[in-house]
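Source file my_file.csv; content: CSV, C-alpha atoms.
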```csv
chain,number,residue,atom,x,y,z
M,1,MET,CA,-9.1,-2.5,-45.6
M,2,GLY,CA,-12.4,-3.9,-44.6
M,3,ARG,CA,-14.0,-3.1,-41.2
M,4,LYS,CA,-13.8,-6.7,-40.1
M,5,THR,CA,-10.1,-6.9,-40.9
M,6,LYS,CA,-9.5,-3.7,-39.1
M,7,ASN,CA,-11.2,-4.9,-36.0
M,8,ARG,CA,-9.2,-8.1,-36.0
M,9,LEU,CA,-5.9,-6.1,-36.3
M,10,GLU,CA,-7.0,-3.9,-33.3
M,11,ILE,CA,-7.8,-6.9,-31.2
M,12,ALA,CA,-4.5,-8.5,-32.2
M,13,ALA,CA,-2.6,-5.3,-31.2
M,14,MET,CA,-4.3,-5.2,-27.8
M,15,TYR,CA,-3.5,-8.9,-27.1
M,16,LEU,CA,0.1,-8.2,-28.2
M,17,ILE,CA,0.4,-5.3,-25.8
M,18,ILE,CA,-1.1,-7.4,-22.9
M,19,ALA,CA,1.3,-10.2,-23.7
M,20,VAL,CA,4.3,-7.8,-23.6
M,21,MET,CA,3.2,-6.3,-20.3
M,22,PHE,CA,2.6,-9.7,-18.9
M,23,VAL,CA,6.2,-10.7,-19.7
M,24,ILE,CA,7.6,-7.4,-18.3
M,25,ILE,CA,5.7,-7.9,-15.0
M,26,PHE,CA,6.0,-11.6,-14.4
M,27,TYR,CA,9.5,-12.3,-15.7
M,28,PRO,CA,11.3,-10.7,-12.7
M,29,LEU,CA,8.8,-12.4,-10.4
M,30,LEU,CA,9.6,-15.8,-11.9
M,31,TRP,CA,13.4,-15.1,-11.5
M,32,ALA,CA,13.0,-14.1,-7.9
M,33,PHE,CA,11.0,-17.2,-7.1
M,34,GLY,CA,13.5,-19.4,-9.0
M,35,ILE,CA,16.5,-17.8,-7.2
M,36,SER,CA,14.8,-18.4,-3.8
M,37,LEU,CA,14.7,-22.1,-4.6
M,38,ASN,CA,18.4,-22.4,-5.5
M,39,PRO,CA,20.2,-24.2,-2.6
M,40,SER,CA,23.3,-21.9,-2.8
M,41,SER,CA,23.4,-18.5,-1.2
M,42,ASN,CA,24.6,-16.4,-4.2
M,43,LEU,CA,23.6,-15.4,-7.6
M,44,TYR,CA,26.4,-17.2,-9.4
M,45,GLY,CA,25.1,-20.3,-11.1
M,46,ALA,CA,21.5,-19.5,-10.1
M,47,SER,CA,18.8,-20.3,-12.7
M,48,ILE,CA,15.2,-19.5,-13.1
M,49,ILE,CA,14.4,-23.3,-13.0
M,50,PRO,CA,17.0,-24.8,-10.6
M,51,GLU,CA,17.9,-28.4,-11.0
M,52,ASN,CA,18.2,-29.2,-7.3
M,53,TRP,CA,15.5,-26.9,-6.0
M,54,SER,CA,15.0,-26.6,-2.3
M,55,PHE,CA,13.0,-24.6,0.3
M,56,VAL,CA,16.0,-24.4,2.6
M,57,HIS,CA,16.0,-20.6,2.5
M,58,TYR,CA,12.4,-20.3,3.5
M,59,GLU,CA,13.1,-22.7,6.3
M,60,TRP,CA,16.1,-20.6,7.4
M,61,LEU,CA,14.0,-17.4,7.5
M,62,PHE,CA,11.5,-19.0,10.0
M,63,THR,CA,13.7,-21.3,12.1
M,64,SER,CA,17.2,-20.0,12.3
M,65,PRO,CA,18.1,-18.2,15.5
M,66,ARG,CA,20.1,-15.7,13.5
M,67,SER,CA,17.1,-14.7,11.5
M,68,ASN,CA,14.9,-11.8,12.6
M,69,TYR,CA,12.5,-12.3,9.7
M,70,LEU,CA,9.4,-13.1,11.8
M,71,LEU,CA,10.0,-10.0,14.0
M,72,TRP,CA,10.4,-7.8,10.9
M,73,TYR,CA,7.2,-9.4,9.5
M,74,GLN,CA,5.4,-8.6,12.7
M,75,ASN,CA,6.6,-5.0,12.8
M,76,THR,CA,5.5,-4.5,9.2
M,77,LEU,CA,2.1,-6.0,9.8
M,78,VAL,CA,1.6,-3.8,12.8
M,79,VAL,CA,2.5,-0.7,10.8
M,80,ALA,CA,0.5,-1.7,7.8
M,81,LEU,CA,-2.7,-2.5,9.7
M,82,SER,CA,-2.4,0.6,11.8
M,83,VAL,CA,-1.9,2.9,8.8
M,84,SER,CA,-4.6,1.2,6.8
M,85,LEU,CA,-7.3,1.3,9.5
M,86,ILE,CA,-6.5,4.6,11.2
M,87,GLY,CA,-5.5,6.4,8.0
M,88,THR,CA,-8.6,5.3,6.1
M,89,LEU,CA,-10.8,6.4,9.0
M,90,LEU,CA,-9.1,9.9,9.2
M,91,VAL,CA,-9.3,10.2,5.4
M,92,SER,CA,-13.0,9.5,5.4
M,93,PHE,CA,-13.7,12.0,8.1
M,94,THR,CA,-11.6,14.7,6.3
M,95,ALA,CA,-13.2,13.9,2.9
M,96,TYR,CA,-16.7,14.0,4.4
M,97,ALA,CA,-16.1,17.4,6.0
M,98,PHE,CA,-14.8,18.9,2.8
M,99,SER,CA,-17.6,17.4,0.7
M,100,ARG,CA,-20.7,18.1,2.8
M,101,TYR,CA,-19.8,21.2,4.8
M,102,ARG,CA,-19.2,24.8,3.7
M,103,PHE,CA,-16.8,26.6,6.1
M,104,ARG,CA,-14.2,29.3,6.0
M,105,GLY,CA,-11.0,28.1,4.6
M,106,ARG,CA,-12.5,25.2,2.8
M,107,LYS,CA,-11.4,26.4,-0.7
M,108,TYR,CA,-7.9,27.0,0.4
M,109,GLY,CA,-7.8,23.7,2.2
M,110,LEU,CA,-8.5,21.9,-1.0
M,111,TYR,CA,-5.8,24.0,-2.7
M,112,ALA,CA,-3.4,23.0,0.1
M,113,PHE,CA,-4.2,19.3,-0.6
M,114,LEU,CA,-3.4,19.7,-4.3
M,115,LEU,CA,-0.2,21.6,-3.4
M,116,LEU,CA,1.0,19.0,-1.0
M,117,GLN,CA,0.7,16.3,-3.6
M,118,MET,CA,3.2,18.1,-5.7
M,119,PHE,CA,6.1,17.6,-3.2
M,120,PRO,CA,7.5,14.2,-2.3
M,121,VAL,CA,7.9,13.2,1.4
M,122,LEU,CA,11.7,13.2,0.8
M,123,MET,CA,11.7,16.9,0.9
M,124,ALA,CA,10.6,16.9,4.5
M,125,MET,CA,12.9,14.1,5.8
M,126,VAL,CA,15.2,16.4,7.7
M,127,ALA,CA,12.3,18.2,9.4
M,128,LEU,CA,10.6,14.9,10.2
M,129,TYR,CA,13.8,13.4,11.6
M,130,ILE,CA,14.2,16.5,13.9
M,131,LEU,CA,10.5,16.4,14.9
M,132,LEU,CA,10.5,12.7,15.8
M,133,ASN,CA,13.8,13.2,17.7
M,134,THR,CA,12.3,16.1,19.6
M,135,ILE,CA,9.2,14.3,20.8
M,136,GLY,CA,11.1,11.0,21.5
M,137,LEU,CA,9.5,8.9,18.7
M,138,LEU,CA,12.7,8.4,16.7
M,139,ASP,CA,13.5,4.7,16.2
M,140,SER,CA,10.0,3.7,17.0
M,141,LEU,CA,7.1,2.1,15.0
M,142,LEU,CA,4.7,4.7,16.4
M,143,GLY,CA,6.7,7.5,14.9
M,144,LEU,CA,6.8,5.7,11.5
M,145,ILE,CA,3.0,5.1,11.7
M,146,ILE,CA,2.3,8.8,12.4
M,147,ILE,CA,4.4,9.9,9.4
M,148,TYR,CA,2.7,7.4,7.1
M,149,ILE,CA,-0.8,8.4,8.1
M,150,GLY,CA,0.0,12.1,7.8
M,151,ASN,CA,1.6,11.6,4.4
M,152,ASN,CA,-1.4,9.7,3.0
M,153,ILE,CA,-4.1,12.1,4.1
M,154,PRO,CA,-3.8,14.9,1.5
M,155,MET,CA,-3.9,12.7,-1.6
M,156,ASN,CA,-6.4,10.2,-0.4
M,157,ALA,CA,-8.7,12.8,1.2
M,158,PHE,CA,-9.0,14.6,-2.1
M,159,LEU,CA,-9.7,11.3,-3.9
M,160,VAL,CA,-12.4,10.2,-1.4
M,161,LYS,CA,-13.9,13.8,-1.4
M,162,GLY,CA,-14.5,13.5,-5.1
M,163,TYR,CA,-16.3,10.2,-4.6
M,164,PHE,CA,-18.5,11.7,-1.8
M,165,ASP,CA,-19.4,14.5,-4.2
M,166,THR,CA,-21.0,12.0,-6.5
M,167,LEU,CA,-23.3,10.8,-3.8
M,168,PRO,CA,-26.6,12.8,-3.9
M,169,GLN,CA,-27.3,15.3,-1.2
M,170,GLU,CA,-30.9,14.0,-1.1
M,171,LEU,CA,-29.6,11.1,1.0
M,172,ASP,CA,-28.4,13.4,3.7
M,173,GLU,CA,-31.6,15.5,3.6
M,174,SER,CA,-33.9,12.5,3.8
M,175,ALA,CA,-31.9,11.2,6.8
M,176,LYS,CA,-32.1,14.5,8.6
M,177,MET,CA,-35.9,14.6,8.1
M,178,ASP,CA,-36.0,11.2,9.9
M,179,GLY,CA,-34.0,12.7,12.8
M,180,ALA,CA,-30.6,11.3,11.9
M,181,GLY,CA,-27.5,13.3,13.1
M,182,HIS,CA,-24.3,13.9,11.3
M,183,PHE,CA,-22.4,10.9,12.7
M,184,ARG,CA,-25.3,8.6,11.9
M,185,ILE,CA,-25.6,9.9,8.3
M,186,PHE,CA,-21.8,9.4,7.9
M,187,PHE,CA,-21.5,5.9,9.4
M,188,GLN,CA,-24.8,4.4,8.4
M,189,ILE,CA,-25.5,6.0,5.0
M,190,LEU,CA,-22.5,7.5,3.3
M,191,LEU,CA,-19.7,5.2,4.6
M,192,PRO,CA,-21.4,2.0,3.3
M,193,LEU,CA,-21.9,3.6,-0.1
M,194,ALA,CA,-18.2,4.7,-0.2
M,195,LYS,CA,-16.8,1.2,0.4
M,196,PRO,CA,-15.4,0.9,-3.1
M,197,ILE,CA,-13.2,4.0,-2.9
M,198,LEU,CA,-12.4,3.4,0.8
M,199,SER,CA,-11.3,-0.2,-0.1
M,200,VAL,CA,-8.8,1.3,-2.6
M,201,VAL,CA,-7.5,3.7,0.0
M,202,ALA,CA,-7.2,1.0,2.6
M,203,LEU,CA,-5.4,-1.3,0.2
M,204,PHE,CA,-2.8,1.3,-0.9
M,205,ASN,CA,-2.3,2.3,2.8
M,206,PHE,CA,-1.7,-1.3,3.6
M,207,MET,CA,0.8,-1.9,0.8
M,208,HIS,CA,2.9,1.2,1.3
M,209,PRO,CA,4.8,0.0,4.5
M,210,PHE,CA,5.7,-3.3,2.8
M,211,MET,CA,7.2,-1.5,-0.2
M,212,ASP,CA,8.8,1.6,1.3
M,213,PHE,CA,12.5,1.5,2.2
M,214,ILE,CA,13.7,5.1,2.4
M,215,LEU,CA,11.5,6.4,5.3
M,216,PRO,CA,12.1,3.4,7.6
M,217,ARG,CA,15.8,3.7,6.8
M,218,ILE,CA,15.8,7.2,8.2
M,219,VAL,CA,13.5,6.7,11.1
M,220,LEU,CA,14.5,3.3,12.4
M,221,ARG,CA,17.8,2.4,13.9
M,222,SER,CA,17.4,-0.8,16.0
M,223,PRO,CA,17.3,-4.1,14.2
M,224,GLU,CA,14.4,-5.2,16.4
M,225,ASN,CA,12.3,-2.3,15.0
M,226,TYR,CA,13.1,-2.9,11.3
M,227,THR,CA,10.4,-3.4,8.7
M,228,LEU,CA,10.7,-6.1,6.0
M,229,ALA,CA,12.0,-3.8,3.3
M,230,LEU,CA,14.8,-2.5,5.6
M,231,GLY,CA,15.6,-5.8,7.1
M,232,LEU,CA,15.8,-7.6,3.8
M,233,PHE,CA,18.0,-4.9,2.4
M,234,ASN,CA,20.6,-5.7,5.0
M,235,PHE,CA,20.8,-9.3,3.7
M,236,VAL,CA,22.6,-7.9,0.6
M,237,ASN,CA,24.0,-4.7,1.9
M,238,ASP,CA,26.1,-5.6,4.9
M,239,GLN,CA,29.9,-6.1,4.4
M,240,PHE,CA,30.7,-9.6,3.2
M,241,SER,CA,27.0,-10.5,3.0
M,242,ASN,CA,26.0,-12.8,0.2
M,243,ASN,CA,22.4,-13.8,0.9
M,244,PHE,CA,20.7,-13.0,-2.4
M,245,THR,CA,18.8,-16.2,-2.3
M,246,ARG,CA,17.5,-15.6,1.2
M,247,PHE,CA,16.6,-12.1,0.1
M,248,ALA,CA,14.6,-13.4,-2.8
M,249,ALA,CA,12.8,-15.9,-0.5
M,250,GLY,CA,11.9,-13.1,2.0
M,251,ALA,CA,10.7,-10.8,-0.8
M,252,ILE,CA,8.4,-13.5,-2.3
M,253,LEU,CA,6.7,-13.9,1.1
M,254,ILE,CA,5.9,-10.2,1.2
M,255,ALA,CA,3.2,-10.8,-1.4
M,256,VAL,CA,1.2,-13.1,0.9
M,257,PRO,CA,-0.5,-10.5,3.2
M,258,ILE,CA,-1.0,-8.1,0.3
M,259,ALA,CA,-2.7,-10.7,-1.8
M,260,THR,CA,-4.8,-11.7,1.2
M,261,VAL,CA,-6.0,-8.2,1.7
M,262,TYR,CA,-6.7,-7.7,-2.0
M,263,LEU,CA,-8.8,-10.9,-2.1
M,264,PHE,CA,-10.7,-9.8,1.0
M,265,LEU,CA,-11.5,-6.4,-0.5
M,266,GLN,CA,-12.0,-7.5,-4.1
M,267,LYS,CA,-15.8,-7.6,-4.0
M,268,TYR,CA,-15.8,-3.9,-2.9
M,269,LEU,CA,-13.1,-2.9,-5.4
M,270,ILE,CA,-15.1,-4.1,-8.4
M,271,SER,CA,-18.6,-3.3,-7.3
M,272,GLY,CA,-20.6,-0.1,-7.7
M,273,LEU,CA,-22.5,0.2,-4.5
M,274,ALA,CA,-23.4,3.8,-5.1
M,275,SER,CA,-25.2,3.0,-8.4
M,276,GLY,CA,-28.4,1.9,-6.7
M,277,ALA,CA,-28.4,4.4,-3.8
M,278,THR,CA,-31.3,6.4,-5.0
M,279,LYS,CA,-33.4,3.7,-6.5
M,280,GLY,CA,-36.9,3.3,-5.1
```
Write the structure described by the file as structure tokens, please.
Amino acid sequence: MGRKTKNRLEIAAMYLIIAVMFVIIFYPLLWAFGISLNPSSNLYGASIIPENWSFVHYEWLFTSPRSNYLLWYQNTLVVALSVSLIGTLLVSFTAYAFSRYRFRGRKYGLYAFLLLQMFPVLMAMVALYILLNTIGLLDSLLGLIIIYIGNNIPMNAFLVKGYFDTLPQELDESAKMDGAGHFRIFFQILLPLAKPILSVVALFNFMHPFMDFILPRIVLRSPENYTLALGLFNFVNDQFSNNFTRFAAGAILIAVPIATVYLFLQKYLISGLASGATKG
């Protein structure tokens, strides 16, 4: 087999794998969107391309007095933005300390971060429930935000710390010679160079509250405090409920804020700001 033929076969195999993954990813999405356009409220007789398609379910979500969809959307946005902003800031502080400072317990702190990543948050659900109940934050968005932030710190701090380690120490030393303090070095020099990795952390932190169901199910009790995942679940979980098409419509709209944040951070996600840090 010639080299040219071998290269063509490799390229064809790669395109075939991409095509298969494309079908696996987008086929369920197309079905969800098609179901949301079916005028009926159940899955029987629904099709991926409905004959009499309608946006009646989207209209019901936003206009019906029986729908709490806008309230759930607001709750989820509050949680997602809080976790993304506060969590990313705390992660950056933690990663900077472990990357640039040498202190007692630093080595074991890094080991603790690695160890905490091995255990899912489900293992601590009982303890978290008791803790939130003790401090009066059960069935509140604030309690949910605190748990999300604390849960994201170990993994993300270790990730950002590795990125900070790639930034040369000469940047800190040059800034100190010019009279810059630790906070100025962090905010004006290292933080701008770390935008790519911080954008990834912020995006993941923002997406998590939209996708998570188990933690809100345990923490939240009042319907007015539900997040989208928990509220939409009740569309198809309650007794005698048959709102699969409304569930599909609400699920499709979840992608709007996530896609918006992704497009806003895209230039940071694909750029290497640290590549030219020491030039000149």
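Taking atom CA of Trp60 of chain M and atom CA of Ala248 of chain M as the two end points, the separation is 12.6 Å.
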Give me, as CSV, each residue of segment 36-89 of chain M that comes within 10 Å of segment 26-31 of chain M, together with its shortest interatomic pair and the distance in Å at one decimal, counting all atoms listed in the file, with rows ordered by chain and rising residue number.
```
residue,atom,partner,partner_atom,distance
M:Ser36,CA,M:Trp31,CA,8.5
M:Leu37,CA,M:Trp31,CA,9.9
M:Ala46,CA,M:Trp31,CA,9.3
M:Ser47,CA,M:Trp31,CA,7.6
M:Ile48,CA,M:Trp31,CA,5.0
M:Ile49,CA,M:Trp31,CA,8.4
```
Using only C-alpha atoms, what does the table of segment 37-130 of chain M residues within 12 Å of segment 255-267 of chain M look like, with each row giving the shortest atom pair and its distance in Å to one decimal, sorted by chain and ascending number, as CSV?
```
residue,atom,partner,partner_atom,distance
M:Tyr73,CA,M:Pro257,CA,10.0
M:Gln74,CA,M:Pro257,CA,11.3
M:Thr76,CA,M:Pro257,CA,10.4
M:Leu77,CA,M:Pro257,CA,8.4
M:Val78,CA,M:Pro257,CA,11.9
M:Ala80,CA,M:Ile258,CA,10.0
M:Leu81,CA,M:Val261,CA,10.4
M:Ser84,CA,M:Val261,CA,10.8
```
Can I get the selected residues back with C-alpha atoms, as a PDB file, keeping the file's coordinate frame?
```
ATOM      1  CA  TYR M  73       7.200  -9.400   9.500  1.00  0.00           C
ATOM      2  CA  GLN M  74       5.400  -8.600  12.700  1.00  0.00           C
ATOM      3  CA  THR M  76       5.500  -4.500   9.200  1.00  0.00           C
ATOM      4  CA  LEU M  77       2.100  -6.000   9.800  1.00  0.00           C
ATOM      5  CA  VAL M  78       1.600  -3.800  12.800  1.00  0.00           C
ATOM      6  CA  ALA M  80       0.500  -1.700   7.800  1.00  0.00           C
ATOM      7  CA  LEU M  81      -2.700  -2.500   9.700  1.00  0.00           C
ATOM      8  CA  SER M  84      -4.600   1.200   6.800  1.00  0.00           C
TER       9      SER M  84
END
```
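Straight-line separation from atom CA of Ile197 of chain M to atom CA of Phe98 of chain M: 16.0 Å.
Distances to Thr227 of chain M were evaluated for M:Leu128, M:Ala97, M:Leu71, M:Met155 using only C-alpha atoms, and the minimum falls at M:Leu71.
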Non-local contacts of Ala229 of chain M (12 Å; only C-alpha atoms; under 4 positions in same chain excluded) as an NGL selection string: :M and (69 or 72-73 or 75-76 or 207-217 or 220 or 225 or 233-236 or 247-248 or 250-254)
